[in-house]
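Trainee: The following file, target22.cif, comprises mmCIF, C-alpha atoms:
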data_query
loop_
_atom_site.group_PDB
_atom_site.id
_atom_site.type_symbol
_atom_site.label_atom_id
_atom_site.label_comp_id
_atom_site.auth_asym_id
_atom_site.auth_seq_id
_atom_site.Cartn_x
_atom_site.Cartn_y
_atom_site.Cartn_z
ATOM 1 C CA MET E 20 6.798 14.077 -11.667
ATOM 2 C CA PHE E 21 3.503 14.140 -9.706
ATOM 3 C CA SER E 22 2.601 17.776 -10.299
ATOM 4 C CA SER E 23 -0.998 17.317 -11.424
ATOM 5 C CA LYS E 24 -3.799 16.364 -9.023
ATOM 6 C CA SER E 25 -4.639 13.466 -11.316
ATOM 7 C CA SER E 26 -1.168 11.930 -10.972
ATOM 8 C CA GLN E 27 -1.192 12.598 -7.215
ATOM 9 C CA TYR E 28 -4.494 10.729 -6.902
ATOM 10 C CA THR E 29 -3.142 7.927 -9.113
ATOM 11 C CA LEU E 30 -0.167 7.413 -6.791
ATOM 12 C CA ALA E 31 -2.524 7.556 -3.800
ATOM 13 C CA GLN E 32 -4.679 4.833 -5.401
ATOM 14 C CA VAL E 33 -1.635 2.651 -6.139
ATOM 15 C CA LEU E 34 -0.507 2.984 -2.511
ATOM 16 C CA HIS E 35 -4.095 2.226 -1.419
ATOM 17 C CA TRP E 36 -4.210 -1.050 -3.361
ATOM 18 C CA ILE E 37 -0.728 -2.144 -2.302
ATOM 19 C CA ALA E 38 -1.643 -1.494 1.336
ATOM 20 C CA GLY E 39 -5.031 -3.170 0.829
ATOM 21 C CA VAL E 40 -3.504 -6.377 -0.507
ATOM 22 C CA LEU E 41 -0.938 -6.498 2.314
ATOM 23 C CA ILE E 42 -3.599 -5.757 4.946
ATOM 24 C CA ALA E 43 -5.873 -8.486 3.569
ATOM 25 C CA PHE E 44 -2.941 -10.924 3.540
ATOM 26 C CA ASN E 45 -2.030 -10.203 7.161
ATOM 27 C CA LEU E 46 -5.629 -10.239 8.391
ATOM 28 C CA MET E 47 -6.238 -13.615 6.737
ATOM 29 C CA SER E 48 -2.896 -15.198 7.616
ATOM 30 C CA GLY E 49 -2.683 -14.122 11.243
ATOM 31 C CA TRP E 50 -5.529 -16.302 12.481
ATOM 32 C CA ARG E 51 -3.827 -19.648 12.020
ATOM 33 C CA ILE E 52 -0.198 -18.930 12.865
ATOM 34 C CA ALA E 53 -0.492 -20.186 16.456
ATOM 35 C CA THR E 54 -1.679 -23.625 15.253
ATOM 36 C CA PHE E 55 1.629 -24.497 13.565
ATOM 37 C CA GLU E 56 4.706 -26.150 15.031
ATOM 38 C CA LEU E 57 7.298 -23.759 16.453
ATOM 39 C CA ASP E 58 9.749 -23.907 13.515
ATOM 40 C CA VAL E 59 6.981 -23.220 10.966
ATOM 41 C CA ARG E 60 5.395 -20.613 13.268
ATOM 42 C CA GLN E 61 8.695 -18.704 13.443
ATOM 43 C CA ILE E 62 8.892 -18.571 9.634
ATOM 44 C CA LEU E 63 5.257 -17.472 9.359
ATOM 45 C CA MET E 64 5.749 -14.857 12.086
ATOM 46 C CA SER E 65 8.788 -13.566 10.209
ATOM 47 C CA ILE E 66 6.604 -13.020 7.154
ATOM 48 C CA HIS E 67 3.605 -11.711 9.130
ATOM 49 C CA SER E 68 5.675 -9.238 11.160
ATOM 50 C CA GLY E 69 7.614 -8.106 8.072
ATOM 51 C CA VAL E 70 4.373 -7.448 6.222
ATOM 52 C CA GLY E 71 3.044 -5.651 9.321
ATOM 53 C CA LEU E 72 6.061 -3.319 9.380
ATOM 54 C CA THR E 73 5.604 -2.747 5.629
ATOM 55 C CA ILE E 74 1.937 -1.831 6.228
ATOM 56 C CA LEU E 75 3.007 0.580 8.976
ATOM 57 C CA THR E 76 5.518 2.210 6.629
ATOM 58 C CA LEU E 77 3.015 2.382 3.761
ATOM 59 C CA MET E 78 0.367 3.947 6.001
ATOM 60 C CA LEU E 79 2.824 6.605 7.167
ATOM 61 C CA ILE E 80 3.761 7.326 3.538
ATOM 62 C CA ARG E 81 0.095 7.426 2.517
ATOM 63 C CA TRP E 82 -0.800 9.784 5.368
ATOM 64 C CA TRP E 83 2.125 12.058 4.507
ATOM 65 C CA TRP E 84 1.215 11.996 0.775
ATOM 66 C CA ARG E 85 -2.406 12.887 1.501
ATOM 67 C CA LYS E 86 -1.459 15.779 3.777
ATOM 68 C CA LYS E 87 1.295 17.061 1.497
ATOM 69 C CA ASN E 88 -0.972 17.125 -1.566
ATOM 70 C CA LYS E 89 -4.248 17.942 0.246
ATOM 71 C CA LEU E 90 -5.969 14.862 -1.164
ATOM 72 C CA TYR E 91 -9.369 13.577 -0.047
ATOM 73 C CA THR E 92 -10.215 16.555 2.121
ATOM 74 C CA PRO E 93 -13.534 17.810 0.749
ATOM 75 C CA SER E 94 -15.517 20.344 2.713
ATOM 76 C CA ASN E 95 -17.906 18.768 5.205
ATOM 77 C CA TRP E 96 -15.897 15.534 5.021
ATOM 78 C CA TRP E 97 -17.317 14.444 8.395
ATOM 79 C CA LYS E 98 -20.747 14.151 6.735
ATOM 80 C CA ARG E 99 -19.501 11.623 4.181
ATOM 81 C CA PRO E 100 -19.287 8.088 5.659
ATOM 82 C CA PRO E 101 -16.633 6.774 3.208
ATOM 83 C CA ILE E 102 -14.299 9.654 4.090
ATOM 84 C CA VAL E 103 -14.954 9.179 7.814
ATOM 85 C CA LEU E 104 -14.230 5.464 7.394
ATOM 86 C CA GLN E 105 -10.897 6.297 5.753
ATOM 87 C CA TRP E 106 -9.986 8.572 8.648
ATOM 88 C CA ILE E 107 -10.814 5.767 11.077
ATOM 89 C CA PHE E 108 -8.635 3.314 9.131
ATOM 90 C CA TYR E 109 -5.449 5.377 9.289
ATOM 91 C CA PRO E 110 -4.931 5.468 13.074
ATOM 92 C CA LEU E 111 -6.063 1.848 13.444
ATOM 93 C CA LEU E 112 -3.619 0.719 10.759
ATOM 94 C CA LEU E 113 -0.844 2.478 12.650
ATOM 95 C CA VAL E 114 -1.856 1.039 16.030
ATOM 96 C CA GLN E 115 -2.330 -2.550 14.761
ATOM 97 C CA PRO E 116 1.319 -3.076 13.693
ATOM 98 C CA ALA E 117 2.461 -1.443 16.940
ATOM 99 C CA LEU E 118 0.380 -3.940 18.932
ATOM 100 C CA GLY E 119 1.846 -6.774 16.854
ATOM 101 C CA PHE E 120 5.311 -5.376 17.517
ATOM 102 C CA PHE E 121 4.665 -5.601 21.291
ATOM 103 C CA VAL E 122 3.312 -9.150 20.927
ATOM 104 C CA ALA E 123 6.558 -10.122 19.177
ATOM 105 C CA MET E 124 8.685 -8.211 21.680
ATOM 106 C CA TYR E 125 7.269 -10.128 24.663
ATOM 107 C CA ASN E 126 7.024 -13.492 22.877
ATOM 108 C CA ASP E 127 8.687 -16.612 24.251
ATOM 109 C CA TYR E 128 10.313 -17.438 20.889
ATOM 110 C CA ASP E 129 12.316 -15.441 18.359
ATOM 111 C CA VAL E 130 10.368 -13.224 15.983
ATOM 112 C CA LYS E 131 12.511 -11.760 13.227
ATOM 113 C CA ALA E 132 10.684 -9.486 10.801
ATOM 114 C CA PHE E 133 11.841 -10.190 7.244
ATOM 115 C CA GLY E 134 14.001 -12.923 8.774
ATOM 116 C CA PHE E 135 16.600 -10.539 10.209
ATOM 117 C CA LEU E 136 15.003 -7.735 12.312
ATOM 118 C CA ASP E 137 14.931 -9.414 15.716
ATOM 119 C CA ILE E 138 11.899 -7.820 17.386
ATOM 120 C CA SER E 139 11.854 -10.332 20.243
ATOM 121 C CA ALA E 140 15.361 -9.230 21.287
ATOM 122 C CA LEU E 141 13.944 -5.826 22.275
ATOM 123 C CA GLY E 142 12.171 -7.228 25.333
ATOM 124 C CA GLU E 143 12.223 -10.112 27.754
ATOM 125 C CA SER E 144 9.673 -12.879 27.434
ATOM 126 C CA ASN E 145 6.647 -11.780 29.444
ATOM 127 C CA PRO E 146 3.564 -14.004 29.127
ATOM 128 C CA ALA E 147 1.226 -11.498 30.810
ATOM 129 C CA LEU E 148 2.191 -8.586 28.554
ATOM 130 C CA ARG E 149 2.285 -10.833 25.494
ATOM 131 C CA SER E 150 -1.227 -12.044 26.284
ATOM 132 C CA LEU E 151 -2.505 -8.489 26.794
ATOM 133 C CA PHE E 152 -1.034 -7.230 23.515
ATOM 134 C CA PHE E 153 -2.070 -10.401 21.687
ATOM 135 C CA ASP E 154 -5.696 -9.935 22.797
ATOM 136 C CA LEU E 155 -5.632 -6.257 21.757
ATOM 137 C CA HIS E 156 -4.017 -7.211 18.428
ATOM 138 C CA THR E 157 -6.695 -9.861 17.849
ATOM 139 C CA TRP E 158 -9.622 -7.557 18.682
ATOM 140 C CA MET E 159 -8.132 -4.830 16.511
ATOM 141 C CA ALA E 160 -7.944 -7.370 13.674
ATOM 142 C CA VAL E 161 -11.640 -8.180 14.145
ATOM 143 C CA LEU E 162 -12.478 -4.462 14.051
ATOM 144 C CA LEU E 163 -10.349 -3.991 10.935
ATOM 145 C CA ILE E 164 -12.077 -6.919 9.214
ATOM 146 C CA VAL E 165 -15.480 -5.346 9.967
ATOM 147 C CA LEU E 166 -14.270 -1.985 8.622
ATOM 148 C CA VAL E 167 -12.795 -3.605 5.503
ATOM 149 C CA LEU E 168 -16.140 -5.321 4.882
ATOM 150 C CA LEU E 169 -17.978 -2.003 5.360
ATOM 151 C CA HIS E 170 -15.538 -0.317 2.978
ATOM 152 C CA GLY E 171 -16.051 -3.107 0.434
ATOM 153 C CA ALA E 172 -19.839 -2.899 0.808
ATOM 154 C CA ASP E 173 -19.720 0.863 0.217
ATOM 155 C CA ARG E 174 -17.561 0.432 -2.887
ATOM 156 C CA LEU E 175 -19.899 -2.320 -4.162
ATOM 157 C CA LYS E 176 -22.923 -0.074 -3.557
ATOM 158 C CA ASN E 177 -21.250 2.700 -5.566
ATOM 159 C CA LEU E 178 -20.411 0.263 -8.367
ATOM 160 C CA VAL E 179 -24.011 -0.966 -8.543
ATOM 161 C CA GLU E 180 -25.290 2.628 -8.540
ATOM 162 C CA ASP E 181 -22.880 3.511 -11.362
ATOM 163 C CA LEU E 182 -23.941 0.464 -13.372
ATOM 164 C CA LEU E 183 -27.620 1.282 -12.839
ATOM 165 C CA MET E 184 -26.933 4.847 -13.990
ATOM 166 C CA ILE E 185 -25.302 3.505 -17.165
ATOM 167 C CA VAL E 186 -28.237 1.160 -17.761
ATOM 168 C CA ARG E 187 -30.691 4.051 -17.235
ATOM 169 C CA LEU E 188 -28.715 6.250 -19.613
ATOM 170 C CA ASP E 189 -28.554 3.466 -22.194
ATOM 171 C CA THR E 190 -32.273 2.774 -21.741
ATOM 172 C CA GLY E 191 -33.076 6.474 -22.148
ATOM 173 C CA GLN E 192 -30.942 6.625 -25.272
ATOM 174 C CA LEU E 193 -32.669 3.532 -26.671
ATOM 175 C CA GLU E 194 -36.083 5.047 -25.979
ATOM 176 C CA ARG E 195 -35.114 8.274 -27.781
ATOM 177 C CA GLU E 196 -33.780 6.321 -30.758
ATOM 178 C CA PHE E 197 -36.915 4.151 -30.855
ATOM 179 C CA ARG E 198 -39.132 7.266 -30.841
ATOM 180 C CA LEU E 199 -37.026 8.811 -33.599
ATOM 181 C CA LEU E 200 -37.300 5.650 -35.698
ATOM 182 C CA SER E 201 -41.045 5.410 -35.108
ATOM 183 C CA THR E 202 -41.544 8.990 -36.297
ATOM 184 C CA ILE E 203 -39.470 8.322 -39.419
ATOM 185 C CA PHE E 204 -41.443 5.206 -40.362
ATOM 186 C CA GLN E 205 -44.924 6.611 -39.729
#
Write out the structure in this file as structure tokens.
Mentor:
Amino acid sequence: MFSSKSSQYTLAQVLHWIAGVLIAFNLMSGWRIATFELDVRQILMSIHSGVGLTILTLMLIRWWWRKKNKLYTPSNWWKRPPIVLQWIFYPLLLVQPALGFFVAMYNDYDVKAFGFLDISALGESNPALRSLFFDLHTWMAVLLIVLVLLHGADRLKNLVEDLLMIVRLDTGQLEREFRLLSTIFQ
């Protein structure tokens, strides 16, 4: 089904965008959860933690898919910032849900991922550990936001360069056609 490199890259890109949307959702939604009343907070944490576990699963699948199909491993990859950035993202996007898992595990209220996976039942309420993991989870989120912005800036730079290349090519073509027309009408 995915025998050609092109189809393997296509699936990798689909997984990339699915993960990207879920990551953006969790990074944006996580900041305000603590400001809600407990009953609403529990519902939001159910969604947030469920999405976090989905991101963890997707990242494991993406990592496996990349290794299995030897995707995105050009020679001298460490000299290419976008590739290095991708390799930084993978471990961080595995650690971030794990930190969130520990926050939920030591929480003082029930956290049920997807509404039924009771993460908080795996540990006793422990304010000190919850606070430690919450702070790590928060700082990791800040780091991820910075990396997402860097990734977006790199993609935007490449888009602008591609558009400028098209404009230059079109301009060059127009100049050649203008010269051709001027020689015909002389």
Trainee: Once 8 Å is added on each side, what centre and edge lengths in Å to one decimal does the axis-aligned box around all listed atoms of region 163-167 of chain E have, as AutoDock Vina command-line options?
Mentor:
--center_x -12.9 --center_y -4.5 --center_z 8.2 --size_x 21.1 --size_y 20.9 --size_z 21.4
Trainee: Have a look at CA of Pro110 (chain E) and CA of Gln27 (chain E) and let me know their distance in Å, one decimal.
Mentor: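 Calculated distance between CA of Pro110 (chain E) and CA of Gln27 (chain E) is 21.8 Å.
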Trainee: Please measure the separation of CA of Tyr125 (chain E) and CA of Phe108 (chain E), giving the value in Å to one decimal.
Mentor: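 These atoms are spaced 26.0 Å apart.
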Trainee: What's the separation between CA of Val70 (chain E) and CA of Val161 (chain E), in Å to one decimal place?
Mentor: 17.9 Å
Trainee: For the file shown, report as a list in words the outcome of the PyMOL selection byres ((chain E and resi 131) around 9) at residue level.
Mentor: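 The output of the PyMOL selection byres ((chain E and resi 131) around 9) on this file is Gln61, Ile62, Met64, Ser65, Ile66, Ser68, Gly69, Ala123, Asp129, Val130, Ala132, Phe133, Gly134, Phe135, Leu136, Asp137, Ile138, Ser139 and Ala140 of chain E.
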Trainee: Extract, using only C-alpha atoms, all DNA, RNA and protein residues at most 10 Å from Arg174 (chain E), discarding same-chain residues fewer than 6 positions from it, and format them as a list in words.
Mentor: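 Within the cut-off, the hits are Pro101, Leu168 and Glu180 of chain E.
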Trainee: Let me make sure I understand: among E:Pro146, E:Pro116, E:Pro100, E:Gly171, which one has the smallest atom-to-atom distance to Leu77 (chain E) if we use only C-alpha atoms?
Mentor: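 Nearest candidate to Leu77 (chain E) out of E:Pro146, E:Pro116, E:Pro100, E:Gly171: E:Pro116.
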Trainee: Find, counting only C-alpha atoms, the residue in E:Leu63, E:Leu118, E:Ala160, E:Leu141 that gets nearest to Ile42 (chain E).
Mentor: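 The closest residue to Ile42 (chain E) is E:Ala160.
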Trainee: For a quick check of understanding, using only C-alpha atoms, which of E:Leu90, E:Trp84, E:Val122, E:Ile74 has the smallest distance to Val40 (chain E)?
Mentor: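 Comparing E:Leu90, E:Trp84, E:Val122, E:Ile74 against Val40 (chain E), the winner is E:Ile74.
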Trainee: Once the PyMOL selection byres ((chain E and resi 158) around 12) is applied to the coordinates I shared, what remains selected? I want it as number ranges by chain.
Mentor: E: 46, 50, 111, 114-115, 118-119, 151-157, 159-165
Trainee: Go through E:Ser23, E:Ser48, E:Asn177, E:Gln105 one by one, measure the shortest atom-to-atom distance of each to His35 (chain E) using only C-alpha atoms, and give the residue with the smallest value.
Mentor: E:Gln105
